[in-house]
Structures are given as C-alpha cells and as structure tokens.
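**Q** What follows is target-v5.cif, mmCIF, C-alpha atoms.
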data_entry
loop_
_atom_site.group_PDB
_atom_site.id
_atom_site.type_symbol
_atom_site.label_atom_id
_atom_site.label_comp_id
_atom_site.auth_asym_id
_atom_site.auth_seq_id
_atom_site.Cartn_x
_atom_site.Cartn_y
_atom_site.Cartn_z
ATOM 1 C CA MET T 207 -1.256 5.191 18.188
ATOM 2 C CA GLU T 208 0.980 6.918 15.642
ATOM 3 C CA LYS T 209 1.778 9.827 17.968
ATOM 4 C CA LYS T 210 2.586 7.576 20.919
ATOM 5 C CA MET T 211 4.501 4.801 19.183
ATOM 6 C CA GLN T 212 7.514 6.716 17.922
ATOM 7 C CA ARG T 213 9.985 3.883 18.657
ATOM 8 C CA PRO T 214 8.450 0.834 16.988
ATOM 9 C CA SER T 215 11.451 -1.399 17.715
ATOM 10 C CA TYR T 216 10.794 -0.836 21.415
ATOM 11 C CA ALA T 217 7.045 -1.368 20.993
ATOM 12 C CA ILE T 218 7.291 -4.782 19.314
ATOM 13 C CA PRO T 219 8.440 -6.772 22.364
ATOM 14 C CA ASP T 220 5.823 -4.966 24.465
ATOM 15 C CA PHE T 221 3.058 -5.990 22.064
ATOM 16 C CA THR T 222 4.425 -9.536 22.015
ATOM 17 C CA GLN T 223 4.432 -9.743 25.799
ATOM 18 C CA ALA T 224 0.914 -8.315 25.936
ATOM 19 C CA LEU T 225 -0.307 -10.955 23.485
ATOM 20 C CA GLU T 226 1.323 -13.732 25.484
ATOM 21 C CA LEU T 227 -0.518 -12.549 28.585
ATOM 22 C CA LEU T 228 -3.818 -11.970 26.783
ATOM 23 C CA ASN T 229 -3.725 -15.346 25.026
ATOM 24 C CA ASP T 230 -2.748 -17.548 27.943
ATOM 25 C CA LYS T 231 -5.344 -19.741 29.646
ATOM 26 C CA SER T 232 -5.349 -17.960 32.997
ATOM 27 C CA PRO T 233 -8.609 -16.744 34.592
ATOM 28 C CA ALA T 234 -7.398 -13.150 34.239
ATOM 29 C CA ALA T 235 -6.739 -13.546 30.523
ATOM 30 C CA SER T 236 -10.208 -14.995 29.984
ATOM 31 C CA LYS T 237 -11.667 -11.679 31.138
ATOM 32 C CA ALA T 238 -9.746 -9.689 28.546
ATOM 33 C CA ASP T 239 -11.787 -7.739 26.046
ATOM 34 C CA GLN T 240 -11.386 -9.104 22.508
ATOM 35 C CA SER T 241 -10.759 -5.587 21.255
ATOM 36 C CA GLU T 242 -7.616 -5.449 23.418
ATOM 37 C CA ILE T 243 -6.296 -8.619 21.805
ATOM 38 C CA SER T 244 -7.059 -7.457 18.261
ATOM 39 C CA ALA T 245 -5.503 -4.030 18.966
ATOM 40 C CA ALA T 246 -2.288 -5.702 20.129
ATOM 41 C CA TYR T 247 -2.041 -7.749 16.915
ATOM 42 C CA LEU T 248 -2.622 -4.613 14.834
ATOM 43 C CA GLY T 249 -0.141 -2.591 16.870
ATOM 44 C CA ARG T 250 2.599 -5.184 16.448
ATOM 45 C CA ALA T 251 1.944 -5.491 12.699
ATOM 46 C CA ARG T 252 2.092 -1.714 12.247
ATOM 47 C CA ALA T 253 5.271 -1.446 14.272
ATOM 48 C CA TYR T 254 6.925 -3.946 11.928
ATOM 49 C CA GLN T 255 5.486 -2.146 8.871
ATOM 50 C CA SER T 256 6.852 1.219 9.992
ATOM 51 C CA THR T 257 9.431 3.034 7.902
ATOM 52 C CA GLN T 258 12.000 2.479 10.651
ATOM 53 C CA MET T 259 11.573 -1.305 10.644
ATOM 54 C CA ARG T 260 10.464 -2.578 7.242
ATOM 55 C CA SER T 261 13.840 -2.375 5.498
ATOM 56 C CA THR T 262 15.221 -4.811 8.082
ATOM 57 C CA LEU T 263 12.607 -7.522 7.537
ATOM 58 C CA SER T 264 12.998 -10.683 5.459
ATOM 59 C CA PRO T 265 10.138 -12.215 3.439
ATOM 60 C CA SER T 266 9.701 -14.894 6.105
ATOM 61 C CA GLU T 267 9.358 -12.209 8.783
ATOM 62 C CA TYR T 268 6.771 -10.490 6.617
ATOM 63 C CA ASP T 269 4.815 -13.756 6.675
ATOM 64 C CA ALA T 270 4.422 -13.251 10.426
ATOM 65 C CA VAL T 271 3.453 -9.596 9.942
ATOM 66 C CA ALA T 272 0.795 -10.573 7.400
ATOM 67 C CA GLU T 273 -0.492 -13.196 9.844
ATOM 68 C CA ASP T 274 -0.826 -10.539 12.556
ATOM 69 C CA TYR T 275 -2.917 -8.405 10.200
ATOM 70 C CA ALA T 276 -5.075 -11.397 9.234
ATOM 71 C CA THR T 277 -5.632 -12.299 12.895
ATOM 72 C CA TYR T 278 -6.608 -8.700 13.658
ATOM 73 C CA LEU T 279 -9.100 -8.612 10.773
ATOM 74 C CA LYS T 280 -10.691 -11.925 11.760
ATOM 75 C CA LEU T 281 -11.013 -10.796 15.374
ATOM 76 C CA SER T 282 -12.598 -7.557 14.130
ATOM 77 C CA ALA T 283 -15.296 -9.311 12.098
ATOM 78 C CA ARG T 284 -18.800 -8.001 12.778
ATOM 79 C CA GLU T 285 -21.374 -10.395 14.187
ATOM 80 C CA GLU T 286 -24.116 -8.823 12.079
ATOM 81 C CA ASP T 287 -22.298 -9.993 8.922
ATOM 82 C CA PHE T 288 -22.718 -13.640 10.042
ATOM 83 C CA PRO T 289 -19.232 -14.600 8.776
ATOM 84 C CA GLU T 290 -18.533 -18.341 8.697
ATOM 85 C CA THR T 291 -15.534 -19.017 6.458
ATOM 86 C CA GLU T 292 -12.082 -17.527 6.998
ATOM 87 C CA ARG T 293 -12.469 -15.286 3.940
ATOM 88 C CA GLU T 294 -15.834 -14.027 5.196
ATOM 89 C CA LEU T 295 -14.209 -13.187 8.531
ATOM 90 C CA LEU T 296 -11.422 -11.287 6.733
ATOM 91 C CA LYS T 297 -13.877 -9.364 4.553
ATOM 92 C CA SER T 298 -16.044 -8.472 7.537
ATOM 93 C CA GLY T 299 -13.000 -7.276 9.476
ATOM 94 C CA ALA T 300 -11.970 -5.186 6.475
ATOM 95 C CA GLU T 301 -15.359 -3.469 6.521
ATOM 96 C CA SER T 302 -14.539 -2.365 10.079
ATOM 97 C CA ASN T 303 -11.063 -1.140 9.121
ATOM 98 C CA PRO T 304 -10.278 -0.953 5.389
ATOM 99 C CA TYR T 305 -7.008 0.832 6.206
ATOM 100 C CA ALA T 306 -5.713 -2.292 7.949
ATOM 101 C CA ALA T 307 -6.870 -4.437 5.012
ATOM 102 C CA TRP T 308 -4.762 -2.342 2.618
ATOM 103 C CA GLU T 309 -1.756 -2.644 4.952
ATOM 104 C CA TRP T 310 -2.308 -6.420 5.078
ATOM 105 C CA GLY T 311 -2.034 -6.503 1.285
ATOM 106 C CA ILE T 312 1.282 -4.645 1.372
ATOM 107 C CA ALA T 313 2.648 -7.053 3.992
ATOM 108 C CA LEU T 314 1.598 -10.019 1.838
ATOM 109 C CA ARG T 315 3.358 -8.473 -1.166
ATOM 110 C CA GLN T 316 6.569 -8.098 0.821
ATOM 111 C CA ALA T 317 6.214 -11.714 1.947
ATOM 112 C CA GLY T 318 6.019 -12.795 -1.706
ATOM 113 C CA GLN T 319 2.439 -14.048 -1.348
ATOM 114 C CA MET T 320 1.273 -12.312 -4.493
ATOM 115 C CA GLU T 321 -2.065 -14.057 -5.049
ATOM 116 C CA ALA T 322 -3.035 -13.368 -1.447
ATOM 117 C CA ALA T 323 -1.822 -9.749 -1.761
ATOM 118 C CA GLU T 324 -3.944 -9.208 -4.849
ATOM 119 C CA ASP T 325 -6.980 -10.621 -3.040
ATOM 120 C CA ALA T 326 -6.315 -8.495 0.057
ATOM 121 C CA HIS T 327 -6.085 -5.292 -1.967
ATOM 122 C CA GLY T 328 -9.320 -6.233 -3.717
ATOM 123 C CA ILE T 329 -10.974 -6.703 -0.322
ATOM 124 C CA ALA T 330 -9.614 -3.313 0.806
ATOM 125 C CA ALA T 331 -10.901 -1.608 -2.355
ATOM 126 C CA ALA T 332 -14.390 -3.042 -1.805
ATOM 127 C CA ALA T 333 -14.376 -1.939 1.841
ATOM 128 C CA PHE T 334 -13.361 1.629 0.918
ATOM 129 C CA ARG T 335 -16.025 1.648 -1.803
ATOM 130 C CA ASN T 336 -18.675 0.633 0.735
ATOM 131 C CA ILE T 337 -17.923 3.709 2.863
ATOM 132 C CA GLY T 338 -17.819 6.029 -0.145
ATOM 133 C CA ASP T 339 -14.054 6.622 -0.043
ATOM 134 C CA ARG T 340 -13.356 6.762 -3.759
ATOM 135 C CA PRO T 341 -9.704 7.979 -3.674
ATOM 136 C CA ARG T 342 -8.526 5.215 -1.337
ATOM 137 C CA GLU T 343 -10.627 2.674 -3.229
ATOM 138 C CA ILE T 344 -8.735 3.518 -6.429
ATOM 139 C CA ILE T 345 -5.353 3.488 -4.659
ATOM 140 C CA SER T 346 -6.221 -0.037 -3.462
ATOM 141 C CA ASP T 347 -7.306 -0.997 -6.987
ATOM 142 C CA ILE T 348 -3.991 0.241 -8.395
ATOM 143 C CA ASP T 349 -2.117 -1.781 -5.781
ATOM 144 C CA ARG T 350 -4.167 -4.852 -6.677
ATOM 145 C CA ALA T 351 -3.197 -4.330 -10.319
ATOM 146 C CA ILE T 352 0.469 -3.881 -9.363
ATOM 147 C CA ASP T 353 0.275 -7.225 -7.538
ATOM 148 C CA LEU T 354 -0.957 -8.745 -10.795
ATOM 149 C CA ALA T 355 1.918 -7.042 -12.639
ATOM 150 C CA VAL T 356 4.382 -8.710 -10.267
ATOM 151 C CA MET T 357 2.790 -12.080 -11.041
ATOM 152 C CA ALA T 358 2.875 -11.317 -14.771
ATOM 153 C CA SER T 359 6.592 -10.591 -14.443
ATOM 154 C CA SER T 360 7.194 -14.157 -13.284
ATOM 155 C CA GLY T 361 4.986 -16.161 -15.622
ATOM 156 C CA GLY T 362 1.487 -15.026 -14.659
ATOM 157 C CA SER T 363 -1.177 -13.629 -16.965
ATOM 158 C CA VAL T 364 0.108 -10.507 -18.731
ATOM 159 C CA SER T 365 -3.282 -9.704 -20.236
ATOM 160 C CA LYS T 366 -5.004 -9.810 -16.833
ATOM 161 C CA ALA T 367 -2.400 -7.476 -15.332
ATOM 162 C CA VAL T 368 -2.541 -5.081 -18.289
ATOM 163 C CA ASP T 369 -6.353 -4.945 -18.256
ATOM 164 C CA SER T 370 -6.482 -4.395 -14.487
ATOM 165 C CA LEU T 371 -3.864 -1.648 -14.593
ATOM 166 C CA ARG T 372 -5.624 0.138 -17.442
ATOM 167 C CA VAL T 373 -8.989 0.051 -15.660
ATOM 168 C CA ALA T 374 -7.526 1.249 -12.353
ATOM 169 C CA ILE T 375 -5.485 4.010 -14.008
ATOM 170 C CA ALA T 376 -8.465 5.249 -16.032
ATOM 171 C CA SER T 377 -10.533 5.453 -12.840
ATOM 172 C CA THR T 378 -8.271 8.139 -11.363
ATOM 173 C CA ALA T 379 -9.622 10.734 -13.801
ATOM 174 C CA LYS T 380 -13.096 10.544 -12.243
ATOM 175 C CA VAL T 381 -12.088 10.993 -8.604
ATOM 176 C CA GLU T 382 -13.020 14.113 -6.663
ATOM 177 C CA SER T 383 -12.088 15.107 -3.118
ATOM 178 C CA ASN T 384 -11.574 18.195 -0.979
ATOM 179 C CA ASP T 385 -8.386 16.589 0.336
ATOM 180 C CA VAL T 386 -5.758 17.989 -2.046
ATOM 181 C CA ASP T 387 -2.930 16.000 -0.468
ATOM 182 C CA LEU T 388 -4.876 12.750 -0.866
ATOM 183 C CA LEU T 389 -5.541 13.514 -4.541
ATOM 184 C CA ALA T 390 -1.831 14.243 -5.010
ATOM 185 C CA ARG T 391 -0.961 10.830 -3.560
ATOM 186 C CA LEU T 392 -3.537 9.264 -5.868
ATOM 187 C CA VAL T 393 -1.878 10.886 -8.918
ATOM 188 C CA ALA T 394 1.500 9.640 -7.654
ATOM 189 C CA ARG T 395 0.067 6.122 -7.341
ATOM 190 C CA GLU T 396 -1.334 6.453 -10.863
ATOM 191 C CA GLY T 397 2.190 7.304 -12.058
ATOM 192 C CA GLU T 398 3.528 4.205 -10.311
ATOM 193 C CA GLY T 399 0.806 2.127 -11.937
ATOM 194 C CA ARG T 400 1.643 3.511 -15.375
ATOM 195 C CA VAL T 401 5.334 2.668 -14.957
ATOM 196 C CA ALA T 402 4.388 -0.852 -13.821
ATOM 197 C CA LEU T 403 2.153 -1.143 -16.889
ATOM 198 C CA ALA T 404 4.919 0.134 -19.177
ATOM 199 C CA SER T 405 7.367 -2.325 -17.605
ATOM 200 C CA ILE T 406 5.310 -5.407 -18.423
ATOM 201 C CA LEU T 407 4.287 -4.077 -21.859
ATOM 202 C CA TRP T 408 7.985 -3.629 -22.695
ATOM 203 C CA GLY T 409 8.459 -7.355 -22.182
ATOM 204 C CA GLU T 410 6.491 -8.090 -25.363
ATOM 205 C CA SER T 411 7.937 -6.909 -28.692
ATOM 206 C CA SER T 412 4.439 -6.239 -30.049
ATOM 207 C CA THR T 413 3.596 -3.764 -27.259
ATOM 208 C CA ARG T 414 6.833 -1.820 -26.868
ATOM 209 C CA SER T 415 5.425 1.297 -28.524
ATOM 210 C CA GLU T 416 2.550 1.187 -26.020
ATOM 211 C CA ALA T 417 5.077 0.830 -23.215
ATOM 212 C CA GLU T 418 6.935 3.955 -24.336
ATOM 213 C CA LYS T 419 3.632 5.835 -24.562
ATOM 214 C CA GLU T 420 2.610 4.860 -21.024
ATOM 215 C CA LEU T 421 6.028 5.807 -19.681
ATOM 216 C CA GLY T 422 5.790 9.190 -21.420
ATOM 217 C CA ILE T 423 2.353 9.865 -19.942
ATOM 218 C CA ALA T 424 3.583 8.850 -16.485
ATOM 219 C CA CYS T 425 6.540 11.243 -16.714
ATOM 220 C CA GLN T 426 4.315 14.067 -17.913
ATOM 221 C CA ARG T 427 1.713 13.512 -15.170
ATOM 222 C CA LEU T 428 4.346 13.330 -12.449
ATOM 223 C CA GLU T 429 6.007 16.512 -13.702
ATOM 224 C CA VAL T 430 2.682 18.377 -13.612
ATOM 225 C CA LEU T 431 2.039 16.972 -10.139
ATOM 226 C CA GLN T 432 5.332 18.416 -8.901
ATOM 227 C CA ILE T 433 4.685 21.805 -10.554
ATOM 228 C CA ASP T 434 1.246 22.022 -8.903
ATOM 229 C CA SER T 435 2.712 21.026 -5.545
ATOM 230 C CA ASP T 436 5.441 23.656 -5.814
ATOM 231 C CA ALA T 437 2.818 26.295 -6.642
ATOM 232 C CA ARG T 438 0.754 25.346 -3.573
ATOM 233 C CA ASP T 439 3.859 25.515 -1.395
ATOM 234 C CA LYS T 440 4.675 29.019 -2.665
ATOM 235 C CA ALA T 441 1.088 30.122 -2.031
ATOM 236 C CA ARG T 442 1.288 28.796 1.536
ATOM 237 C CA LEU T 443 4.512 30.704 2.146
ATOM 238 C CA LYS T 444 2.908 33.926 0.914
ATOM 239 C CA ARG T 445 0.093 33.397 3.415
ATOM 240 C CA MET T 446 2.679 32.610 6.106
ATOM 241 C CA VAL T 447 1.199 29.139 6.492
ATOM 242 C CA VAL T 448 3.854 26.625 7.468
ATOM 243 C CA PRO T 449 2.776 22.979 7.034
ATOM 244 C CA LYS T 450 3.179 20.787 10.089
ATOM 245 C CA PRO T 451 5.881 18.123 9.790
ATOM 246 C CA ALA T 452 4.541 14.646 9.189
ATOM 247 C CA ASP T 453 3.939 12.749 12.428
ATOM 248 C CA THR T 454 3.625 9.242 11.111
ATOM 249 C CA LEU T 455 5.296 5.863 11.163
ATOM 250 C CA GLY T 456 4.861 5.405 7.416
ATOM 251 C CA TYR T 457 2.845 2.179 7.349
ATOM 252 C CA GLY T 458 -0.545 3.359 6.083
ATOM 253 C CA ILE T 459 -2.344 4.138 2.853
ATOM 254 C CA ASP T 460 -2.128 7.838 3.772
ATOM 255 C CA ASP T 461 1.658 7.546 3.900
ATOM 256 C CA THR T 462 2.028 6.554 0.249
ATOM 257 C CA ILE T 463 4.441 8.654 -1.774
ATOM 258 C CA GLY T 464 3.465 12.072 -3.072
ATOM 259 C CA PRO T 465 5.031 15.162 -4.668
ATOM 260 C CA GLY T 466 8.698 15.597 -3.842
ATOM 261 C CA GLU T 467 9.103 11.866 -3.325
ATOM 262 C CA ILE T 468 8.361 10.540 -6.805
ATOM 263 C CA SER T 469 9.524 11.496 -10.293
ATOM 264 C CA CYS T 470 10.170 9.757 -13.577
ATOM 265 C CA SER T 471 13.920 9.723 -12.997
ATOM 266 C CA ARG T 472 13.569 7.986 -9.645
ATOM 267 C CA PHE T 473 12.168 4.889 -11.325
ATOM 268 C CA LYS T 474 15.697 4.338 -12.634
ATOM 269 C CA ASN T 475 16.969 4.010 -9.063
ATOM 270 C CA GLU T 476 17.035 0.422 -7.783
ATOM 271 C CA LYS T 477 16.932 1.539 -4.148
ATOM 272 C CA PHE T 478 13.818 3.643 -4.809
ATOM 273 C CA LEU T 479 12.055 0.724 -6.485
ATOM 274 C CA GLN T 480 12.974 -1.702 -3.726
ATOM 275 C CA GLU T 481 12.844 0.312 -0.514
ATOM 276 C CA THR T 482 10.439 3.167 -1.241
ATOM 277 C CA LEU T 483 7.966 1.441 -3.545
ATOM 278 C CA GLY T 484 8.542 -2.060 -2.225
ATOM 279 C CA TRP T 485 8.526 -3.621 -5.693
ATOM 280 C CA PRO T 486 9.533 -7.298 -5.681
ATOM 281 C CA VAL T 487 12.593 -8.263 -7.708
ATOM 282 C CA GLU T 488 10.584 -9.625 -10.678
ATOM 283 C CA LEU T 489 8.921 -6.284 -11.393
ATOM 284 C CA ARG T 490 12.123 -4.354 -10.692
ATOM 285 C CA GLN T 491 13.888 -6.393 -13.381
ATOM 286 C CA LYS T 492 11.162 -5.535 -15.886
ATOM 287 C CA ALA T 493 11.421 -1.840 -14.984
ATOM 288 C CA ASN T 494 15.204 -1.890 -15.354
ATOM 289 C CA LYS T 495 14.931 -3.347 -18.858
ATOM 290 C CA LEU T 496 12.424 -0.644 -19.780
ATOM 291 C CA ASN T 497 14.649 2.133 -18.419
ATOM 292 C CA LYS T 498 17.639 0.781 -20.354
ATOM 293 C CA LEU T 499 15.481 0.018 -23.430
ATOM 294 C CA GLN T 500 16.751 -3.561 -23.344
ATOM 295 C CA LYS T 501 14.907 -6.268 -25.208
#
Now, as a test, write the supplied structure out as structure tokens.
**A**
Amino acid sequence: MEKKMQRPSYAIPDFTQALELLNDKSPAASKADQSEISAAYLGRARAYQSTQMRSTLSPSEYDAVAEDYATYLKLSAREEDFPETERELLKSGAESNPYAAWEWGIALRQAGQMEAAEDAHGIAAAAFRNIGDRPREIISDIDRAIDLAVMASSGGSVSKAVDSLRVAIASTAKVESNDVDLLARLVAREGEGRVALASILWGESSTRSEAEKELGIACQRLEVLQIDSDARDKARLKRMVVPKPADTLGYGIDDTIGPGEISCSRFKNEKFLQETLGWPVELRQKANKLNKLQK
C-alpha cells in the first residue's frame, strides 16, 4: 500500500466512498469480504497518519482516525481466540497486526486520549513479544511509558511514569537484531525516552540531579548513534553502495526517527517536539523547563 498510495489526501475520499458502499445494506454490499472492509478502514487511518497529512489534523479529527484503527483491529480479530469483549477483540486484532496496534496508540496520543494510548501501546508490545519481535516490543514499551509521562505532566502518577520509563529504557541494552537500521531507531527511541524521563524528573526539586544525569546520558547516546551512522555511511560509499531513498508515508513503527533526525539539541526546538515527535503540550512544557533549567 505504501508504494501505491503516494497522495494520501487523494486516497482519503476514495477510502471513505469505498466504506460507504461496503457498509450499506444493499445485496451487493452483503457479499463483500470482511477483509475488504477492514483494509479500507486501515487504509484511511494510515492516509490520515501519513507525514503529509498529520500536521493538518486537530485532536478531534484524530479521534476519528483512532476509531478507524480500532474498527480495523476489531474486524481483524481471530475466531480461534474466541474474543467476546471489545478489549478482547482489539487484542486479538493486534495479534494479527501489531504494527497497526502501535499506530492506533499514536493516533490516540494525538487525540489526547492518553489512558487509551498507554493501553494500546501495551497491547502492541504484547503482540510484538508474542511473535518474537523484541526491538519493536521495546519501542512500543517506550511509547507506553512516554504516554504515562504525558499523564504525569498533567497531574498523573509521576512514580508510575518514572518506573515504566526506567524499565523500558533498561530493556534496550539486551536487544539483538541483524537489522542495523531498526536497532538505530531503537536507540533513538531510547534517547527520546530518556529526555521524557529527565523532563518529568526535573519537575521535582528532589530529583533534579537525576534529571540532569538522564539528559547527559541521552545526549551521549545520541551522539554515539550519529557517529556510528556516519561511519556506516562512509563505509557504504567506499563500497559504492548507495542506499535507496525511503519510500514510505511515515505512519508506521518503522518510520520512527533515527540518526540524522534526532540529536540532543533538537529537543530544544518546539517544532521538533510537536511535529516530529508528536509530544502533547503538557510534556513539551516540562521539556522546555528542563532545557532552560527553570524551576
């Protein structure tokens, strides 16, 4: 779908029209395969989530995107799981497509539904774990912890967010994969998690030294990540290997930021926090206070 749907703004009305036809009560619609209906919901959600579209969406529009993802997951539930409740349907659908479950969590975060986003990322992490995909499981765990950090920034449990971030961050050290680019994105996500952790630790006077330590580690790790990436790029050039340009719409877990897109200094940029990372305003305010060393 990524290679064909290069103009998501054009695709959205087509998906909408397809769903209207597939969901009407006509005899022809009743013969439609359920997989066609679920694919249309997923296609429309991903078109909205694309890099080209997401900066134009309001939180209320993201509610609709999140609902499309949820509908897709429920329609994708496996009969052999015997799902009965709505949550069981969502979990079963996530087992069929954990990538979509992670995307659902991001849409919920952008809609401001933080408790639901945290739950969705937990469901995605479990689904990746069940297929043995450790790197994407940990990325999902970090996102779940970031959701908790957003809630902690607006009156939620700070201790729960701190504990979850620390556990998720520590898990990155034990991950192995032959996919070097995936591991690089995991390290970048770890850096994001550390800055989120530092941001909420800075909010308490008793943990400001810990906040500075976490920020320092994040900066160091991201610097090493960039140095390693530069070295791999130079090695590719020596072998006359030119990497293919990315052919993606930017909505998926494999489109998360990596080397060249993230650095310690960029966390001081409000546009980067909002548009690239998609951090809600509450966490951005915490990060800004940390960067300015404001109490």
**Q** For the atom pair atom CA of T:Ser282 and atom CA of T:Gly299, what is the interatomic distance in Å to one decimal place?
**A** 4.7 Å
**Q** Taking only C-alpha atoms into account, produce a table as JSON lines in which each residue of stretch 231-276 of chain T with an atom at most 12 Å from an atom of stretch 472-490 of chain T appears once, together with its shortest atom pair and the distance in Å to one decimal, ordered by chain and rising number.
**A**
{"residue": "T:Gln255", "atom": "CA", "partner": "T:Gly484", "partner_atom": "CA", "distance": 11.5}
{"residue": "T:Ser256", "atom": "CA", "partner": "T:Thr482", "partner_atom": "CA", "distance": 12.0}
{"residue": "T:Thr257", "atom": "CA", "partner": "T:Thr482", "partner_atom": "CA", "distance": 9.2}
{"residue": "T:Gln258", "atom": "CA", "partner": "T:Glu481", "partner_atom": "CA", "distance": 11.4}
{"residue": "T:Met259", "atom": "CA", "partner": "T:Glu481", "partner_atom": "CA", "distance": 11.3}
{"residue": "T:Arg260", "atom": "CA", "partner": "T:Glu481", "partner_atom": "CA", "distance": 8.6}
{"residue": "T:Ser261", "atom": "CA", "partner": "T:Glu481", "partner_atom": "CA", "distance": 6.7}
{"residue": "T:Thr262", "atom": "CA", "partner": "T:Glu481", "partner_atom": "CA", "distance": 10.3}
{"residue": "T:Leu263", "atom": "CA", "partner": "T:Glu481", "partner_atom": "CA", "distance": 11.2}
{"residue": "T:Pro265", "atom": "CA", "partner": "T:Pro486", "partner_atom": "CA", "distance": 10.4}
**Q** For this structure, which residues satisfy the selection - the PyMOL selection byres ((chain T and resi 307-320) around 9) - when it is evaluated on the file as given? I want them as a ChimeraX atom specification.
**A** /T:251-252,255,264-276,279,296-297,299-301,303-306,321-331,333,346,349-350,353-354,356-357,457-459,484-486
**Q** If I take atom CA of T:Ile345 and atom CA of T:Asn384, how far is one from the other in Å, to one decimal?
**A**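 We find that atom CA of T:Ile345 and atom CA of T:Asn384 lie 16.4 Å from each other.
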**Q** Which residue gives the smallest distance to T:Asp220 among T:Thr277, T:Asp239, T:Tyr247, T:Asp385, with all atoms listed in the file counted?
**A**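 So, comparing all the options, the nearest one is T:Tyr247.
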**Q** Can you tell me how far atom CA of T:Ala245 sits from atom CA of T:Pro214, in Å to one decimal?
**A**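 Spanning atom CA of T:Ala245 to atom CA of T:Pro214 is a straight-line distance of 14.9 Å.
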**Q** To test the calculation: enclose all listed atoms of stretch 241-258 of chain T in a box whose edges run along x, y and z, add 4 Å on each side, then state centre and edge lengths in Å to one decimal, as JSON.
**A**
{"center_x": 0.6, "center_y": -2.8, "center_z": 15.7, "size_x": 30.8, "size_y": 19.7, "size_z": 23.5}
**Q** Do you know which residues are at most 9 Å from T:Ser215 counting only C-alpha atoms, after dropping those on the same chain fewer than 2 positions away, and could you put them as a PyMOL selection string?
**A** chain T and resi 213+217-219+253-254+258-259
**Q** Take the selection from the previous step and output its residues with C-alpha atoms, as an mmCIF file, in the coordinates of the input.
**A**
data_model
loop_
_atom_site.group_PDB
_atom_site.id
_atom_site.type_symbol
_atom_site.label_atom_id
_atom_site.label_comp_id
_atom_site.auth_asym_id
_atom_site.auth_seq_id
_atom_site.Cartn_x
_atom_site.Cartn_y
_atom_site.Cartn_z
ATOM 1 C CA ARG T 213 9.985 3.883 18.657
ATOM 2 C CA ALA T 217 7.045 -1.368 20.993
ATOM 3 C CA ILE T 218 7.291 -4.782 19.314
ATOM 4 C CA PRO T 219 8.440 -6.772 22.364
ATOM 5 C CA ALA T 253 5.271 -1.446 14.272
ATOM 6 C CA TYR T 254 6.925 -3.946 11.928
ATOM 7 C CA GLN T 258 12.000 2.479 10.651
ATOM 8 C CA MET T 259 11.573 -1.305 10.644
#
**Q** For T:Arg395, list every protein, DNA or RNA residue within 10 Å, evaluated using all atoms listed in the file, and leave out those in the same chain fewer than 6 positions away; present the list as a list in words.
**A**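 The residues satisfying every condition are Ile344, Ile345, Ser346, Ile348, Asp349, Ile375, Thr378, Leu389, Val401, Leu428, Thr462, Ile463, Gly464, Ile468 and Leu483 of chain T.
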**Q** Using all atoms listed in the file, can you tell me which of T:Ala424, T:Leu443, T:Leu228, T:Val430 comes closest to T:Glu396?
**A**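 Among the listed residues, T:Ala424 lies closest to T:Glu396.
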**Q** Given the file shown, determine the residues that the PyMOL selection byres ((chain T and resi 426) around 12) selects; report them as a PyMOL selection string.
**A** chain T and resi 393-394+396-397+400-401+419-425+427-433+469-471
**Q** Convert the output of the PyMOL selection byres ((chain T and resi 371) around 8) on the shown file into explicit residues, formatted as a list in words.
**A**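 Here the PyMOL selection byres ((chain T and resi 371) around 8) matches Ile348, Ala351, Ile352, Ala367, Val368, Asp369, Ser370, Arg372, Val373, Ala374, Ile375, Gly399, Arg400 and Leu403 of chain T.
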**Q** Please supply stretch 274-278 of chain T, rebuilt with all heavy atoms, as a PDB file, in the frame of the given file.
**A**
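Writing done, so here's part21.pdb:
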ATOM      1  N   ASP T 274      -0.297 -11.429  11.514  1.00  0.00           N
ATOM      2  CA  ASP T 274      -0.826 -10.539  12.556  1.00  0.00           C
ATOM      3  C   ASP T 274      -1.996  -9.712  12.018  1.00  0.00           C
ATOM      4  O   ASP T 274      -3.022  -9.545  12.695  1.00  0.00           O
ATOM      5  CB  ASP T 274       0.273  -9.599  13.060  1.00  0.00           C
ATOM      6  CG  ASP T 274       1.098 -10.192  14.195  1.00  0.00           C
ATOM      7  OD1 ASP T 274       0.814 -11.334  14.611  1.00  0.00           O
ATOM      8  OD2 ASP T 274       2.029  -9.517  14.665  1.00  0.00           O
ATOM      9  N   TYR T 275      -1.826  -9.175  10.811  1.00  0.00           N
ATOM     10  CA  TYR T 275      -2.917  -8.405  10.200  1.00  0.00           C
ATOM     11  C   TYR T 275      -4.152  -9.287   9.994  1.00  0.00           C
ATOM     12  O   TYR T 275      -5.281  -8.863  10.287  1.00  0.00           O
ATOM     13  CB  TYR T 275      -2.484  -7.823   8.855  1.00  0.00           C
ATOM     14  CG  TYR T 275      -1.767  -6.501   8.937  1.00  0.00           C
ATOM     15  CD1 TYR T 275      -0.440  -6.388   8.537  1.00  0.00           C
ATOM     16  CD2 TYR T 275      -2.410  -5.349   9.397  1.00  0.00           C
ATOM     17  CE1 TYR T 275       0.233  -5.166   8.599  1.00  0.00           C
ATOM     18  CE2 TYR T 275      -1.752  -4.138   9.459  1.00  0.00           C
ATOM     19  CZ  TYR T 275      -0.434  -4.050   9.062  1.00  0.00           C
ATOM     20  OH  TYR T 275       0.217  -2.839   9.126  1.00  0.00           O
ATOM     21  N   ALA T 276      -3.945 -10.493   9.480  1.00  0.00           N
ATOM     22  CA  ALA T 276      -5.075 -11.397   9.234  1.00  0.00           C
ATOM     23  C   ALA T 276      -5.792 -11.738  10.538  1.00  0.00           C
ATOM     24  O   ALA T 276      -7.035 -11.767  10.586  1.00  0.00           O
ATOM     25  CB  ALA T 276      -4.586 -12.665   8.541  1.00  0.00           C
ATOM     26  N   THR T 277      -5.027 -11.992  11.585  1.00  0.00           N
ATOM     27  CA  THR T 277      -5.632 -12.299  12.895  1.00  0.00           C
ATOM     28  C   THR T 277      -6.446 -11.113  13.393  1.00  0.00           C
ATOM     29  O   THR T 277      -7.572 -11.271  13.885  1.00  0.00           O
ATOM     30  CB  THR T 277      -4.538 -12.654  13.916  1.00  0.00           C
ATOM     31  OG1 THR T 277      -3.804 -13.782  13.436  1.00  0.00           O
ATOM     32  CG2 THR T 277      -5.152 -12.998  15.265  1.00  0.00           C
ATOM     33  N   TYR T 278      -5.881  -9.906  13.254  1.00  0.00           N
ATOM     34  CA  TYR T 278      -6.608  -8.700  13.658  1.00  0.00           C
ATOM     35  C   TYR T 278      -7.932  -8.584  12.899  1.00  0.00           C
ATOM     36  O   TYR T 278      -8.985  -8.321  13.502  1.00  0.00           O
ATOM     37  CB  TYR T 278      -5.766  -7.445  13.406  1.00  0.00           C
ATOM     38  CG  TYR T 278      -6.602  -6.181  13.398  1.00  0.00           C
ATOM     39  CD1 TYR T 278      -7.038  -5.615  14.589  1.00  0.00           C
ATOM     40  CD2 TYR T 278      -6.992  -5.601  12.192  1.00  0.00           C
ATOM     41  CE1 TYR T 278      -7.842  -4.478  14.577  1.00  0.00           C
ATOM     42  CE2 TYR T 278      -7.788  -4.469  12.175  1.00  0.00           C
ATOM     43  CZ  TYR T 278      -8.215  -3.916  13.366  1.00  0.00           C
ATOM     44  OH  TYR T 278      -9.023  -2.804  13.360  1.00  0.00           O
TER      45      TYR T 278
END
